[in-house]
Each structure stands twice: as structure tokens, then as C-alpha cells.
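Below is one structure, written out as C-alpha cells; comments come after it.
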Amino acid sequence: MCACSCPHLSCCSPAFPQLPPAAAGCPLSLLLPGRRHGLHNGTLVTEFVLLGFSQSGSLQGPLFWAVLCVYLVALLGNSLIILLTLADSALHTPMYFFLRHFSLAEVLYSTTVVPRMLGDLRSSCPTIPLASCFTQLYFFALFGIAECCLLAAMAYDRYAAICRPLHYATLMNRGACAGMVGASYLMGVITGTSHSLLIFTLPFHGDNVIHHFLCDILPVLRLASASTFWGEVGNLGITIAFILTPFLLIMASYVCILATILGVSTAQGRRKIFSTCSSHLFVVILFYGTGTAAYMKPQASSSQDTDQVLALFYTVVTPMCNPFVYSLRNKEVTGAMRRVMKKHLWAS
């Protein structure tokens, strides 16, 4: 069956390939016929079509409800972490100060992507204006990089607590903690601004179909109708500066921590020290593991479906795991939860 209807064009002719299922419901005017259909290469793109998971057919409904449930759990869980670290004085320490901002960044990171994704799953024509795509990419990069830097700050906190306990109060004073959090958000702003300017100053003519459920850097860059050299160089530079560098700092911190743990004579002492950083280490593995799988695999071996599944994992599933790691595996957080409930619920 022909995928579109156009009184001025034979859409079913060999010169006009069938549109993807998601695009079939869109007006032909939205599917700008540039490189994709061999017509009007000069047509200026004003909207993108986000194909996303719209080719999943009957799985769209279950996927919508699954993503919605996971997103709500992530929102509630991270909001609970934020409230607990504010309400309970026992959690007014540098580690939980960083955790509060990490949970806030997780909420904002997911909210940048998931609400629009849910709307697109229920839409027959999932389009996004150029300005909205710019905004989503900006905040997606901002909060993603802020999380990388916050994880590095949390690793440094664990290093100071375990390897230099006598200097901990000096190293992790209020000003130093606020400075590290501010620097994390500043790195995010620099990244978001750089990516957005490098990509959206390029011309977009013709093809406007993004094979993704969000305006991510590489899928958008592929649609540019001019040279993407500087965009790719900028992406590489930002990856090294704001993703690889925090990761190397985290690894250096844990090498020092491991050396300190191995220097403890008793097994019980080693377990006690390791327990203070195990939750953070698990979150680092989860965060960087999915990010590495998504962004640092060879492009030749990647498929669009695999890219989307990985992106779904680190934008929806990973933010949900953070509260469980820090609540189920952390006696201080569970203790704070009991105290807050006793004070505000049971007392009434």
C-alpha cells in the first residue's frame, strides 16, 4: 500500500520510496523532500521528524506505559533523596550534598527527554520544531556533563575521607563543596552551549527525519547539509575534556582508595572502608558503562535500534536505579528515612 497521498506526485512510483511507518501519518509538507527523495535540495528544514520507537507497531502501547512507570519511579525516588538530604541533619555532609545535586541533575536529565518521548509514542506524526530540538540537545548535554563532574566530585570526597581523614574537614569544607558543584554545572553549560552552537549554526536542508527518540548530537549532526568537520571535532574535544577527564579522576581516586583498603590488616576493616564507597562505585559503573556502550562503540558496528535501546537505558532506567542503590545499600539513608517518617508522619 502507498505510504502517502499527494495529488501532485506519484508517491508509489519507484522514484519515491516508501516512508517509514512513523512518517506515514505525517503531512507530506513535514517530510521535506530533499536528499531523502531526490527533490528540492534547497528546502530549509523548520521541523524534524523523530522516528523513535514508532516502528515498533503493537509494542508502542506497552512501551509507553513501561517508560511512564519507570520515569515516575525515578522522579519519586530521586525527589525522596533530595528531601531526605535536606530534612535530616545527619545527612548534611559533603557526600550527601553532592548526592542531592546528582539526584536533581538526574531528574532534570530525564525530564529533558521522557515527557516528549511519551507524547511522541502517542502521536501519529512525532515532529519537533528546530528551536525545541536545539533546547532539548542543550539541556541534555548540560545535565549529562554535570552528572559526570558530580560523580568525579563524589569520588574525590571518598578519596579525602578514606585516604586523608585527618585533612577531610579542610579539604571538603563548605566553600570547596559549593565550588565543585558550581563547576559541575558550569562545565555542563559550556558543553551544552558549545554543542548547540557547533551543530545549529550548520544549515539543514532536505532530509529532516531523525532515527532516534531525542535530538542527540550525532543523529542531528548527520542531517546537516554542510561539512560537519568542526561539529565532530568539537564533539571529540568535549568528550575528552568533560567526560574522559572526570572518568580518569574517578579512576585515580579509586586506585588510591584501593591502595588504602589493601593496607588495612583486618578483613572486617577492609569491608567497613569499602562499604562507604560501594554505592558510589556501583552508580559510576552503571552511568559510565551505559554511556560508553552508547557513544564509544565503533559506528560501523552500531545499528539505529541498538543506539535507541542504549539511550533508553541511560535516560530512563539508570536514573531510576540511583535512589535504590543509595537507599537499599546505605544504612544512613534508610535511617534518615525512618527518622523523617517518625517525625512527620507517626507523630501526627
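By order in the C-alpha cells, chains are A, B, ...; within a chain, residues start at 1; ligands start at 1, following the order shown.
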
All residues 9 Å or closer to range 96-105 of chain A, only C-alpha atoms, same chain fewer than 3 positions away omitted, as a ChimeraX atom specification: /A:77-79,81-86,91-93,108-110,143-144,146-147,150-151,153-154,177-178,180-181,319,322-323

Those residues you just picked out, can you put them in a file as a compact mmCIF listing (two decimals), in the first residue's frame with N, CA, C and O atoms?
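out_33.txt, written as the output of this step:
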# COMPACT_ATOMS: atom_id res chain seq x y z
N GLY A 77 11.77 8.58 43.45
CA GLY A 77 12.95 8.11 44.18
C GLY A 77 14.00 9.21 44.34
O GLY A 77 14.51 9.44 45.45
N ASN A 78 14.29 9.92 43.25
CA ASN A 78 15.29 10.99 43.33
C ASN A 78 14.77 12.18 44.14
O ASN A 78 15.55 12.82 44.86
N SER A 79 13.48 12.45 44.04
CA SER A 79 12.90 13.52 44.87
C SER A 79 12.98 13.17 46.35
O SER A 79 13.23 14.04 47.20
N ILE A 81 15.34 11.30 47.73
CA ILE A 81 16.74 11.52 48.12
C ILE A 81 16.99 13.01 48.39
O ILE A 81 17.64 13.38 49.39
N ILE A 82 16.48 13.87 47.54
CA ILE A 82 16.65 15.31 47.71
C ILE A 82 16.03 15.78 49.02
O ILE A 82 16.64 16.53 49.80
N LEU A 83 14.80 15.33 49.29
CA LEU A 83 14.10 15.75 50.51
C LEU A 83 14.79 15.23 51.76
O LEU A 83 14.93 15.95 52.76
N LEU A 84 15.24 13.98 51.72
CA LEU A 84 15.92 13.40 52.90
C LEU A 84 17.22 14.12 53.21
O LEU A 84 17.51 14.40 54.37
N THR A 85 17.99 14.44 52.17
CA THR A 85 19.27 15.10 52.42
C THR A 85 19.09 16.55 52.87
O THR A 85 20.01 17.14 53.45
N LEU A 86 17.92 17.11 52.63
CA LEU A 86 17.61 18.44 53.13
C LEU A 86 17.03 18.40 54.54
O LEU A 86 17.34 19.24 55.39
N LEU A 91 22.45 13.83 57.40
CA LEU A 91 22.87 13.75 56.00
C LEU A 91 23.40 15.09 55.50
O LEU A 91 23.57 15.26 54.28
N HIS A 92 23.66 16.02 56.40
CA HIS A 92 24.24 17.30 55.99
C HIS A 92 25.77 17.19 55.95
O HIS A 92 26.49 17.86 56.69
N THR A 93 26.24 16.30 55.10
CA THR A 93 27.68 16.07 54.92
C THR A 93 28.02 16.28 53.45
O THR A 93 27.12 16.29 52.59
N LEU A 108 16.26 16.29 36.20
CA LEU A 108 16.22 17.24 35.09
C LEU A 108 16.68 16.59 33.78
O LEU A 108 16.14 16.87 32.71
N TYR A 109 17.66 15.69 33.88
CA TYR A 109 18.16 14.96 32.71
C TYR A 109 17.05 14.12 32.08
O TYR A 109 16.83 14.18 30.86
N SER A 110 16.34 13.37 32.90
CA SER A 110 15.24 12.53 32.39
C SER A 110 14.09 13.39 31.86
O SER A 110 13.50 13.08 30.83
N PHE A 143 22.95 18.64 31.53
CA PHE A 143 22.77 17.81 32.73
C PHE A 143 23.57 16.52 32.66
O PHE A 143 23.99 15.99 33.69
N GLY A 144 23.80 16.00 31.45
CA GLY A 144 24.63 14.80 31.32
C GLY A 144 26.06 15.07 31.76
O GLY A 144 26.65 14.27 32.52
N ALA A 146 27.06 17.60 33.69
CA ALA A 146 27.02 17.94 35.11
C ALA A 146 27.06 16.67 35.97
O ALA A 146 27.75 16.63 37.00
N GLU A 147 26.37 15.62 35.54
CA GLU A 147 26.39 14.36 36.28
C GLU A 147 27.79 13.74 36.26
O GLU A 147 28.25 13.21 37.29
N LEU A 150 29.83 15.70 38.74
CA LEU A 150 29.39 15.45 40.12
C LEU A 150 29.87 14.09 40.61
O LEU A 150 30.25 13.94 41.78
N LEU A 151 29.88 13.10 39.73
CA LEU A 151 30.41 11.79 40.11
C LEU A 151 31.91 11.88 40.44
O LEU A 151 32.39 11.21 41.36
N ALA A 153 33.36 14.60 41.65
CA ALA A 153 33.42 15.28 42.95
C ALA A 153 33.12 14.31 44.09
O ALA A 153 33.77 14.35 45.15
N MET A 154 32.17 13.41 43.88
CA MET A 154 31.84 12.42 44.89
C MET A 154 32.99 11.44 45.10
O MET A 154 33.26 11.00 46.23
N CYS A 177 33.02 22.43 48.57
CA CYS A 177 31.89 21.63 48.04
C CYS A 177 31.02 22.45 47.10
O CYS A 177 30.66 21.99 46.01
N ALA A 178 30.69 23.69 47.53
CA ALA A 178 29.87 24.55 46.67
C ALA A 178 30.61 24.87 45.37
O ALA A 178 29.99 24.92 44.29
N MET A 180 32.82 22.94 43.79
CA MET A 180 32.81 21.77 42.92
C MET A 180 31.46 21.58 42.25
O MET A 180 31.38 21.22 41.06
N VAL A 181 30.39 21.82 43.00
CA VAL A 181 29.05 21.70 42.40
C VAL A 181 28.84 22.79 41.35
O VAL A 181 28.35 22.52 40.25
N PRO A 319 18.53 6.56 35.78
CA PRO A 319 18.07 7.48 36.85
C PRO A 319 17.17 6.82 37.88
O PRO A 319 17.12 7.28 39.04
N ASN A 322 19.50 4.90 40.71
CA ASN A 322 20.25 5.68 41.69
C ASN A 322 19.62 5.70 43.08
O ASN A 322 20.29 5.40 44.07
N PRO A 323 18.32 6.02 43.22
CA PRO A 323 17.72 6.03 44.56
C PRO A 323 17.73 4.67 45.24
O PRO A 323 17.92 4.58 46.46

Selection near Ile250 in chain A, 8 Å with only C-alpha atoms, sequence-local residues under 6 positions removed, as an MDAnalysis selection string: chainID A and resid 151:152 155:156

One-decimal distance in Å that lies between CA of Phe200 in chain A and CA of Thr135 in chain A: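 For CA of Thr135 in chain A relative to CA of Phe200 in chain A, the distance reads 10.5 Å.
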
Atom pair CA of Ala176 in chain A / CA of Ser327 in chain A: separation (Å): 26.0 Å

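Residues of range 92-301 of chain A assigned to strand (DSSP E or B) by DSSP on this structure's backbone: Thr127, Ile128, Pro129, His205, Val209 and Ile210 of chain A.
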
Output N, CA and C atoms for every residue in the selection just made, as a PDB file, in the first residue's frame.
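Writing done, so here's part-v6.pdb:
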ATOM      1  N   THR A 127       6.738  15.160  15.426  1.00  0.00           N
ATOM      2  CA  THR A 127       7.639  16.208  14.934  1.00  0.00           C
ATOM      3  C   THR A 127       8.124  17.080  16.085  1.00  0.00           C
ATOM      4  N   ILE A 128       9.259  17.733  15.869  1.00  0.00           N
ATOM      5  CA  ILE A 128       9.818  18.651  16.854  1.00  0.00           C
ATOM      6  C   ILE A 128      10.373  19.864  16.114  1.00  0.00           C
ATOM      7  N   PRO A 129       9.943  21.094  16.470  1.00  0.00           N
ATOM      8  CA  PRO A 129      10.485  22.292  15.819  1.00  0.00           C
ATOM      9  C   PRO A 129      11.990  22.413  16.039  1.00  0.00           C
ATOM     10  N   HIS A 205      19.069  21.368   5.189  1.00  0.00           N
ATOM     11  CA  HIS A 205      18.204  21.399   4.014  1.00  0.00           C
ATOM     12  C   HIS A 205      17.869  19.967   3.608  1.00  0.00           C
ATOM     13  N   VAL A 209      14.404  13.658   8.836  1.00  0.00           N
ATOM     14  CA  VAL A 209      13.968  12.508   9.627  1.00  0.00           C
ATOM     15  C   VAL A 209      15.110  12.041  10.530  1.00  0.00           C
ATOM     16  N   ILE A 210      14.907  12.150  11.853  1.00  0.00           N
ATOM     17  CA  ILE A 210      15.900  11.707  12.835  1.00  0.00           C
ATOM     18  C   ILE A 210      15.529  10.304  13.300  1.00  0.00           C
TER      19      ILE A 210
END

Sel. of helix (DSSP H, G or I) residues, range 75-301 of chain A, as a PyMOL selection string: chain A and resi 75-87+89-91+94-121+130-163+165-171+174-200+217-221+229-262+267-275+278-295+299-301

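Residues within 7 Å of His211 in chain A, counting only C-alpha atoms and excluding same-chain residues fewer than 5 positions away, are Leu50, Leu51, Gly52, Pro219 and Gln304 of chain A.
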
Atomic distance CA of Arg164 in chain A - CA of Leu286 in chain A, expressed in Å with one decimal: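 Taking CA of Arg164 in chain A and CA of Leu286 in chain A, their separation equals 26.9 Å.
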
Contact residues around Phe139 in chain A with only C-alpha atoms at 10 Å, ignoring same-chain residues under 6 positions, as an mmCIF file with N, CA and C atoms, in the first residue's frame:
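Dumped to around22.cif:
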data_model
loop_
_atom_site.group_PDB
_atom_site.id
_atom_site.type_symbol
_atom_site.label_atom_id
_atom_site.label_comp_id
_atom_site.auth_asym_id
_atom_site.auth_seq_id
_atom_site.Cartn_x
_atom_site.Cartn_y
_atom_site.Cartn_z
ATOM 1 N N LEU A 108 16.263 16.286 36.199
ATOM 2 C CA LEU A 108 16.225 17.236 35.086
ATOM 3 C C LEU A 108 16.683 16.585 33.779
ATOM 4 N N TYR A 109 17.657 15.692 33.879
ATOM 5 C CA TYR A 109 18.165 14.959 32.706
ATOM 6 C C TYR A 109 17.052 14.123 32.075
ATOM 7 N N THR A 111 13.798 14.472 32.577
ATOM 8 C CA THR A 111 12.665 15.318 32.196
ATOM 9 C C THR A 111 12.926 16.041 30.878
ATOM 10 N N THR A 112 14.177 16.223 30.530
ATOM 11 C CA THR A 112 14.521 16.817 29.235
ATOM 12 C C THR A 112 14.066 15.933 28.077
ATOM 13 N N VAL A 113 14.000 14.624 28.314
ATOM 14 C CA VAL A 113 13.759 13.664 27.227
ATOM 15 C C VAL A 113 12.400 12.966 27.334
ATOM 16 N N ILE A 145 26.639 16.180 31.326
ATOM 17 C CA ILE A 145 28.012 16.523 31.713
ATOM 18 C C ILE A 145 28.077 16.911 33.188
ATOM 19 N N GLY A 188 28.703 21.826 32.421
ATOM 20 C CA GLY A 188 27.514 21.450 31.659
ATOM 21 C C GLY A 188 27.040 22.569 30.753
ATOM 22 N N VAL A 189 27.035 23.801 31.258
ATOM 23 C CA VAL A 189 26.614 24.962 30.459
ATOM 24 C C VAL A 189 27.556 25.154 29.273
ATOM 25 N N THR A 191 29.385 22.878 27.820
ATOM 26 C CA THR A 191 29.165 21.776 26.872
ATOM 27 C C THR A 191 27.897 21.984 26.066
ATOM 28 N N GLY A 192 26.786 22.279 26.753
ATOM 29 C CA GLY A 192 25.521 22.492 26.059
ATOM 30 C C GLY A 192 25.607 23.628 25.059
ATOM 31 N N THR A 193 26.235 24.731 25.458
ATOM 32 C CA THR A 193 26.377 25.881 24.568
ATOM 33 C C THR A 193 27.257 25.541 23.364
ATOM 34 N N SER A 196 25.442 23.052 20.972
ATOM 35 C CA SER A 196 24.317 23.689 20.288
ATOM 36 C C SER A 196 24.796 24.649 19.210
#

Residue with smallest distance to Thr290 in chain A - pool A:Leu68, A:Leu80, A:Leu221, A:Val316, counting only C-alpha atoms: A:Val316

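Checking A:Val73, A:Ala252, A:Leu121, A:Leu310 one by one against Gln55 in chain A, counting only C-alpha atoms, you find the shortest gap at A:Leu121.
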
Non-local contacts of range 60-67 of chain A (8 Å; only C-alpha atoms; under 4 positions in same chain excluded) as a ChimeraX atom specification: /A:53-54,56,71,114,118,121-122,316

Generate a file of the selected residues that holds C-alpha atoms, formatted as an mmCIF file, in the first residue's frame.
data_model
loop_
_atom_site.group_PDB
_atom_site.id
_atom_site.type_symbol
_atom_site.label_atom_id
_atom_site.label_comp_id
_atom_site.auth_asym_id
_atom_site.auth_seq_id
_atom_site.Cartn_x
_atom_site.Cartn_y
_atom_site.Cartn_z
ATOM 1 C CA PHE A 53 10.190 3.613 18.528
ATOM 2 C CA SER A 54 7.267 4.389 16.217
ATOM 3 C CA SER A 56 7.539 -0.914 16.963
ATOM 4 C CA TYR A 71 10.011 7.629 34.838
ATOM 5 C CA VAL A 114 10.976 11.483 28.642
ATOM 6 C CA LEU A 118 5.873 9.785 25.827
ATOM 7 C CA LEU A 121 4.736 7.447 21.376
ATOM 8 C CA ARG A 122 1.056 8.500 21.310
ATOM 9 C CA VAL A 316 15.176 6.336 31.774
#

Distance query Ala224 in chain A at most 10 Å, only C-alpha atoms, self and fewer than 5 positions along chain excluded, as a PyMOL selection string: chain A and resi 45+199-208+219

Output N, CA and C atoms of each residue in that selection to a file, as a CSV table (one decimal), in the first residue's frame.
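So out_14.csv came out as:
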chain,number,residue,atom,x,y,z
A,45,VAL,N,14.9,23.2,6.4
A,45,VAL,CA,14.3,22.4,7.5
A,45,VAL,C,13.8,23.4,8.6
A,199,ILE,N,26.4,22.8,16.2
A,199,ILE,CA,25.5,22.0,15.4
A,199,ILE,C,24.5,22.9,14.7
A,200,PHE,N,23.9,23.8,15.5
A,200,PHE,CA,22.7,24.5,14.9
A,200,PHE,C,23.1,25.8,14.2
A,201,THR,N,24.4,26.1,14.1
A,201,THR,CA,24.8,27.1,13.1
A,201,THR,C,25.0,26.5,11.7
A,202,LEU,N,25.0,25.2,11.6
A,202,LEU,CA,25.0,24.5,10.3
A,202,LEU,C,23.7,24.6,9.6
A,203,PRO,N,23.7,24.6,8.3
A,203,PRO,CA,22.5,24.6,7.5
A,203,PRO,C,21.8,23.2,7.5
A,204,PHE,N,20.5,23.2,7.5
A,204,PHE,CA,19.8,21.9,7.4
A,204,PHE,C,18.8,22.1,6.3
A,205,HIS,N,19.1,21.4,5.2
A,205,HIS,CA,18.2,21.4,4.0
A,205,HIS,C,17.9,20.0,3.6
A,206,GLY,N,16.6,19.8,3.2
A,206,GLY,CA,16.2,18.5,2.7
A,206,GLY,C,15.8,17.5,3.8
A,207,ASP,N,16.6,16.5,4.0
A,207,ASP,CA,16.2,15.4,4.9
A,207,ASP,C,16.0,15.9,6.3
A,208,ASN,N,14.9,15.6,6.9
A,208,ASN,CA,14.6,16.0,8.3
A,208,ASN,C,14.1,14.9,9.2
A,219,PRO,N,22.9,12.0,15.8
A,219,PRO,CA,21.8,11.9,14.8
A,219,PRO,C,21.4,13.2,14.2

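Nearest residue to Phe48 in chain A among A:Val70, A:Met320, A:Val220, A:Leu171 is A:Val220, counting only C-alpha atoms.
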
Which residues come within 10 Å of Ile162 in chain A, counting only C-alpha atoms, excluding same-chain residues fewer than 6 positions away, as a PDB file with N, CA, C and O atoms, in the first residue's frame?
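Result file part35.pdb:
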ATOM      1  N   TYR A 156      36.164  12.186  44.678  1.00  0.00           N
ATOM      2  CA  TYR A 156      37.185  12.931  45.422  1.00  0.00           C
ATOM      3  C   TYR A 156      36.826  12.998  46.905  1.00  0.00           C
ATOM      4  O   TYR A 156      37.707  12.892  47.777  1.00  0.00           O
ATOM      5  N   TYR A 168      40.294  15.837  56.119  1.00  0.00           N
ATOM      6  CA  TYR A 168      38.992  15.800  55.436  1.00  0.00           C
ATOM      7  C   TYR A 168      38.206  17.093  55.630  1.00  0.00           C
ATOM      8  O   TYR A 168      37.653  17.655  54.667  1.00  0.00           O
ATOM      9  N   CYS A 256      43.763   5.078  44.578  1.00  0.00           N
ATOM     10  CA  CYS A 256      44.268   5.474  45.901  1.00  0.00           C
ATOM     11  C   CYS A 256      43.449   4.826  47.016  1.00  0.00           C
ATOM     12  O   CYS A 256      44.006   4.363  48.027  1.00  0.00           O
ATOM     13  N   ILE A 257      42.134   4.762  46.824  1.00  0.00           N
ATOM     14  CA  ILE A 257      41.264   4.134  47.830  1.00  0.00           C
ATOM     15  C   ILE A 257      41.587   2.652  47.954  1.00  0.00           C
ATOM     16  O   ILE A 257      41.670   2.103  49.068  1.00  0.00           O
ATOM     17  N   LEU A 258      41.770   1.980  46.806  1.00  0.00           N
ATOM     18  CA  LEU A 258      42.090   0.556  46.820  1.00  0.00           C
ATOM     19  C   LEU A 258      43.415   0.303  47.535  1.00  0.00           C
ATOM     20  O   LEU A 258      43.535  -0.656  48.320  1.00  0.00           O
ATOM     21  N   THR A 260      44.709   2.082  49.891  1.00  0.00           N
ATOM     22  CA  THR A 260      44.464   2.270  51.327  1.00  0.00           C
ATOM     23  C   THR A 260      43.744   1.063  51.923  1.00  0.00           C
ATOM     24  O   THR A 260      44.089   0.593  53.016  1.00  0.00           O
ATOM     25  N   ILE A 261      42.741   0.541  51.200  1.00  0.00           N
ATOM     26  CA  ILE A 261      41.990  -0.631  51.687  1.00  0.00           C
ATOM     27  C   ILE A 261      42.911  -1.840  51.831  1.00  0.00           C
ATOM     28  O   ILE A 261      42.847  -2.568  52.828  1.00  0.00           O
ATOM     29  N   ILE A 273      35.576  -0.093  55.273  1.00  0.00           N
ATOM     30  CA  ILE A 273      36.010   1.024  54.436  1.00  0.00           C
ATOM     31  C   ILE A 273      35.362   0.947  53.055  1.00  0.00           C
ATOM     32  O   ILE A 273      34.858   1.944  52.517  1.00  0.00           O
ATOM     33  N   PHE A 274      35.349  -0.254  52.472  1.00  0.00           N
ATOM     34  CA  PHE A 274      34.775  -0.411  51.131  1.00  0.00           C
ATOM     35  C   PHE A 274      33.282  -0.089  51.118  1.00  0.00           C
ATOM     36  O   PHE A 274      32.762   0.456  50.132  1.00  0.00           O
ATOM     37  N   THR A 276      31.752   2.210  52.539  1.00  0.00           N
ATOM     38  CA  THR A 276      31.485   3.646  52.476  1.00  0.00           C
ATOM     39  C   THR A 276      31.510   4.200  51.052  1.00  0.00           C
ATOM     40  O   THR A 276      31.030   5.313  50.818  1.00  0.00           O
ATOM     41  N   CYS A 277      32.063   3.424  50.109  1.00  0.00           N
ATOM     42  CA  CYS A 277      32.123   3.926  48.727  1.00  0.00           C
ATOM     43  C   CYS A 277      31.503   2.952  47.722  1.00  0.00           C
ATOM     44  O   CYS A 277      31.521   3.224  46.515  1.00  0.00           O
TER      45      CYS A 277
END
